[in-house]
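A quick write-up on the structure given underneath.
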Amino acid sequence: MTGGRSPGRYNLHRLGWTAFEDLCMQIMRVVLGEVATRFRPGPDGGRDGWFQGVATGRLVTESTLSGAFVVQCKHTSSTHEPLDVSDLRKEFEKVKKIALASPCHYVLMTNRQVSAQAEARIRQFFESLPGVGRCLVLSETWIEDTIDAHPRLLRLVPRLYGIGDLSQIVAFVMQEQTRAVLDDLAAPLRTFVPTDSYRRAEKALHDHGFVVLVGPPASGKSAIAANLCMVSIAQDANVRVLRIEHAEQFKSTWSPSDSNTIYWVDDVFGETTLDEERLREWSAAIEKVEAARRRKARILFCTRDYILASAERKLKRSKLEIINDARVRVDVAKLSEMERDAILYNHIKEGDIAREQKRALKKHLSALARLRSFSPELARRLGNKRFHSGLRHELKELEAFFERPVQHFRDVIHGLSRSETAALAVCLHSGNALPDPVSEGEAIDAVLEAYGVSIHEIRESLEALEGSLVKRARQATSQTWQLHHPSMLEALQEELAARSAKLTLYLQSADLHTVLRDTTTLPPSPESRMVFVPDAAYDHLVLRLHRASARSIEGIAGYLADKASSAFLRAVDAVGASLIDRALAVVPYPEGTDVAASLAARLSLEEGLFHGHRQSIVRSTLQEAASDTGWCGFLDEDELREALPGFNEEFIAEEAESGFASIERIYEWYREGASTVGHVDNAVDAIESHCRRLRNEISKSAFPPNRVDQLQADVNALRDNMSQRLAERRFEIEENDERRAEYNADEWKERYYEERYELEQSIFADVDE
């Protein structure tokens, strides 16, 4: 025993046989060495793993052993099922053949209880075979004590925290707040599978104090982060975890003397779309993040892949290289077939659906795990009874469950009670961060009125939905209710927008980016999925736009330029001229949208809305863009020629006078972010487009023909010079990529490469037991 703690504390019977084998192989790698290996797919012939060499660790303290080792795992789902010789007849025959061909030691690992008398009989039984040196029977108690003696095993197989007895596993003295966070994180561990991505993330956090988890929605980024935090807290009572959103929170809480804090930043650059304000904040704080991890603080960033791709175009090269460092960036989306099977198995096995439902699903699970749309979050939903209302267990419908998750969640909403739907709407209306306990306020009142429910019903519904549709998220000193996953936000917003009775609530509460993306005040075409906002609802949308923060002004400008009716533009202007003025002052940049020019062209069509003051704003905005980054996309806006008479002519004359300085500026803008081959190729295309605009404008100018030819030749010469410099940068990046690939192969795979295998027996065989 270890510290007088009782056996069975890890509940190994709940692992499932494949997860138990994985645990045994992790133990053997610690005990026998890193080269202990699992066998490849196919019949195991009585062998789950093997090792050749001299044993280390605990086996050496018991008996110095060397040579070949054959490892056999025997798992049971029963809590009290002892093991004796009579249970090993088949193994006996298999080992007999193996040992005759190649002498070996036989290691039997089991979660069954083995008495001293049974252990002696089993040893004598196998050691009587020709070729078998020693037989070691490693039962439940030995396995649990070995886990205790090697804490890293719990980091490699963190699910043990989720199914085990925390009061037995975790240190008894622990701060109450830390224990609360631990309890909060422990529940998802019951279904967690330690994938290759998880183990690479654990290595990055252990070796470098920093990891960036990247992947599409529902790919398991937050689950990996939660488990990394969980095992750190459980193994060291002094560790604290702070879940934060903004860089300012990091700056205000980090101290150079603090080496015990893990900063977990979910959706670091935005939740469902790129958040420009967050990007600027974290870009400015990257150096402080680097300083913190050099002083032993640990930082976890999570971000969706498409959001990071957008952010990469706007981050400086030096800061981008910190994020994209091969040693700390982990792309979590790639799952092996075995990992997919294990994830789906755990969620169905541990799910709260009925046994009959599990049995009906069983024959389809292998096919579902192979779908391109498979994700850990959708596997979780399939194991939850909330998502089975109206779901037929037929392959075609189950495939649609994975391939169209937003639509299926809308169907789930239809089956909820009014108070439950209202509870979800309250989370949405509160920015998906509803303070718990729920108290009265403006956000709550709007939902209560729309759904005709009480705040007491909202509170009860949140409790009932916890774990399926909503979750509690604990921060350092507070906790909030949130929808369980961002894809649910999207579905709920679609549902509200589709109902006229809830349109006002949608305009008030949905994410503003979503409102700007999915609505229009212009009559939509019959095939359009846009939500039409009639004039009766203008007041709500106009008020929302005027109250928006500065980071939303670019999106608002685009909406006013492309989706605003004449009546809506005048309604916006009537409430206050400042919003349109600020929208016209949005300075464009390469890769962005020239919303100031587009809005100016749109306003010029409305009598009285594009007066002299606004013309002056637009002139200053476009001049600032050209002098800052060289951007001149406004030259493609034909309507702007009439809106700003003479502006294009003045611009091209100044460019000719300066020797086309904008080309050098735009090259510098792209060079700063050119950290990949794709970025370099994009820069070449952008410079070509920029020079095309200049040549077109020169051809329309009043310059004499010979001057036109000379200026266009000057533009082409500058373009060729920039392209050559970018070609040199491309070659440099390709060399670095080759070195990085070598690092990945030699460093990560050397330590954590695992042979993946699949036995003839399906992992889903006992999923309904």
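Residues in the structure tokens are numbered from 1 in each chain, the chains being A, B, ... in the order shown, and ligands are numbered from 1 in the order shown.
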
Inset, instruction - For region 503-520 of chain A, work out the shell of residues within 8 Å, counting only C-alpha atoms and skipping chain neighbours fewer than 4 positions away, then give it as a PyMOL selection string. - result: chain A and resi 273+428-431+446-447+450+493+496-499+524+529-533+537+540-541+544+552+555-556+559+563-564

Inset, instruction - Please run DSSP on the backbone and report, as a PyMOL selection string, all residues within region 203-367 of chain A that come out as helix (DSSP H, G or I). - result: chain A and resi 203-208+221-235+247-253+276-294+305-312+317-323+337-350+355-367

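Look at Glu460 (chain A): the protein and nucleic acid residues within 9 Å of it, using only C-alpha atoms and passing over chain neighbours fewer than 4 places away, are Ser419, Glu420, Ala423, Ile455, His456, Ala464 and Leu465 of chain A.
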
Legend entry - CA of Lys349 (chain A) to CA of Val193 (chain A), distance in Å rounded to a single decimal: 13.1 Å

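One finds CA of Glu642 (chain A) at 27.6 Å from CA of Arg665 (chain A).
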
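Atom to atom, CA of Ser662 (chain A) and CA of Leu644 (chain A) stand 20.7 Å apart.
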
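Of the residues listed (A:Arg278, A:His613, A:Lys471, A:Lys94), A:Lys471 shows the shortest atom-to-atom separation from His484 (chain A); distances use only C-alpha atoms.
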
Legend entry - Contacts of Phe387 (chain A) at 12 Å (only C-alpha atoms; same-chain gap of 4+ positions) as a ChimeraX atom specification: /A:351-353,378-383,391-392,398,401-402,405-416,465,468-469

Given the selection you just returned, output its residues as a file containing N, CA and C atoms, formatted as an mmCIF file, in the first residue's frame.
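Listing of out-v6.cif after writing:
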```cif
data_model
loop_
_atom_site.group_PDB
_atom_site.id
_atom_site.type_symbol
_atom_site.label_atom_id
_atom_site.label_comp_id
_atom_site.auth_asym_id
_atom_site.auth_seq_id
_atom_site.Cartn_x
_atom_site.Cartn_y
_atom_site.Cartn_z
ATOM 1 N N GLY A 351 -21.895 7.875 -21.152
ATOM 2 C CA GLY A 351 -23.034 8.770 -21.362
ATOM 3 C C GLY A 351 -24.274 8.344 -20.594
ATOM 4 N N ASP A 352 -25.239 9.264 -20.505
ATOM 5 C CA ASP A 352 -26.445 8.987 -19.726
ATOM 6 C C ASP A 352 -27.613 8.503 -20.576
ATOM 7 N N ILE A 353 -27.331 8.101 -21.831
ATOM 8 C CA ILE A 353 -28.396 7.512 -22.643
ATOM 9 C C ILE A 353 -28.672 6.092 -22.154
ATOM 10 N N LEU A 378 -18.820 16.511 -30.631
ATOM 11 C CA LEU A 378 -20.011 15.861 -31.173
ATOM 12 C C LEU A 378 -20.156 14.450 -30.616
ATOM 13 N N ALA A 379 -19.040 13.792 -30.327
ATOM 14 C CA ALA A 379 -19.109 12.487 -29.662
ATOM 15 C C ALA A 379 -19.730 12.633 -28.281
ATOM 16 N N ARG A 380 -19.363 13.706 -27.575
ATOM 17 C CA ARG A 380 -19.953 13.967 -26.251
ATOM 18 C C ARG A 380 -21.471 14.126 -26.365
ATOM 19 N N ARG A 381 -21.910 14.872 -27.366
ATOM 20 C CA ARG A 381 -23.348 15.097 -27.529
ATOM 21 C C ARG A 381 -24.088 13.798 -27.823
ATOM 22 N N LEU A 382 -23.454 12.921 -28.612
ATOM 23 C CA LEU A 382 -24.122 11.667 -28.959
ATOM 24 C C LEU A 382 -24.334 10.802 -27.729
ATOM 25 N N GLY A 383 -23.504 10.956 -26.715
ATOM 26 C CA GLY A 383 -23.670 10.185 -25.493
ATOM 27 C C GLY A 383 -24.589 10.832 -24.476
ATOM 28 N N LEU A 391 -34.054 11.691 -32.461
ATOM 29 C CA LEU A 391 -32.949 11.155 -33.253
ATOM 30 C C LEU A 391 -33.142 9.660 -33.488
ATOM 31 N N ARG A 392 -33.252 9.266 -34.755
ATOM 32 C CA ARG A 392 -33.365 7.849 -35.086
ATOM 33 C C ARG A 392 -31.976 7.256 -35.234
ATOM 34 N N LEU A 398 -27.585 9.469 -38.289
ATOM 35 C CA LEU A 398 -26.450 9.664 -37.382
ATOM 36 C C LEU A 398 -25.304 10.392 -38.081
ATOM 37 N N PHE A 401 -26.074 13.941 -37.970
ATOM 38 C CA PHE A 401 -25.821 14.458 -36.619
ATOM 39 C C PHE A 401 -24.411 15.056 -36.545
ATOM 40 N N PHE A 402 -23.447 14.390 -37.177
ATOM 41 C CA PHE A 402 -22.061 14.865 -37.159
ATOM 42 C C PHE A 402 -21.804 15.921 -38.236
ATOM 43 N N PRO A 405 -24.143 19.786 -37.322
ATOM 44 C CA PRO A 405 -24.399 19.907 -35.878
ATOM 45 C C PRO A 405 -25.233 21.115 -35.497
ATOM 46 N N VAL A 406 -25.079 22.223 -36.208
ATOM 47 C CA VAL A 406 -25.853 23.421 -35.864
ATOM 48 C C VAL A 406 -27.339 23.164 -36.089
ATOM 49 N N GLN A 407 -27.673 22.542 -37.224
ATOM 50 C CA GLN A 407 -29.077 22.242 -37.498
ATOM 51 C C GLN A 407 -29.643 21.278 -36.468
ATOM 52 N N HIS A 408 -28.862 20.272 -36.086
ATOM 53 C CA HIS A 408 -29.362 19.316 -35.094
ATOM 54 C C HIS A 408 -29.582 20.001 -33.749
ATOM 55 N N PHE A 409 -28.712 20.921 -33.384
ATOM 56 C CA PHE A 409 -28.909 21.608 -32.117
ATOM 57 C C PHE A 409 -30.165 22.481 -32.170
ATOM 58 N N ARG A 410 -30.463 23.036 -33.313
ATOM 59 C CA ARG A 410 -31.720 23.783 -33.439
ATOM 60 C C ARG A 410 -32.909 22.859 -33.217
ATOM 61 N N ASP A 411 -32.818 21.629 -33.717
ATOM 62 C CA ASP A 411 -33.880 20.653 -33.481
ATOM 63 C C ASP A 411 -34.006 20.337 -31.990
ATOM 64 N N VAL A 412 -32.874 20.265 -31.294
ATOM 65 C CA VAL A 412 -32.894 20.023 -29.842
ATOM 66 C C VAL A 412 -33.604 21.163 -29.130
ATOM 67 N N ILE A 413 -33.326 22.395 -29.551
ATOM 68 C CA ILE A 413 -33.962 23.564 -28.930
ATOM 69 C C ILE A 413 -35.477 23.471 -29.044
ATOM 70 N N HIS A 414 -35.955 22.971 -30.179
ATOM 71 C CA HIS A 414 -37.400 22.859 -30.373
ATOM 72 C C HIS A 414 -38.040 21.940 -29.334
ATOM 73 N N GLY A 415 -37.275 20.992 -28.797
ATOM 74 C CA GLY A 415 -37.823 20.052 -27.819
ATOM 75 C C GLY A 415 -37.702 20.518 -26.382
ATOM 76 N N LEU A 416 -37.135 21.704 -26.164
ATOM 77 C CA LEU A 416 -36.964 22.208 -24.796
ATOM 78 C C LEU A 416 -38.219 22.930 -24.328
ATOM 79 N N LEU A 465 -29.968 21.885 -16.978
ATOM 80 C CA LEU A 465 -29.251 21.756 -18.249
ATOM 81 C C LEU A 465 -27.744 21.621 -18.069
ATOM 82 N N SER A 468 -25.053 19.221 -20.037
ATOM 83 C CA SER A 468 -25.472 18.843 -21.382
ATOM 84 C C SER A 468 -25.428 20.050 -22.316
ATOM 85 N N LEU A 469 -26.231 21.075 -22.021
ATOM 86 C CA LEU A 469 -26.283 22.251 -22.888
ATOM 87 C C LEU A 469 -25.556 23.454 -22.307
#
```

Inset, instruction - Extract the full set of strand (DSSP E or B) residues from region 203-273 of chain A according to DSSP on the backbone, and format it as a ChimeraX atom specification. - result: /A:210-215,240-244,261-265
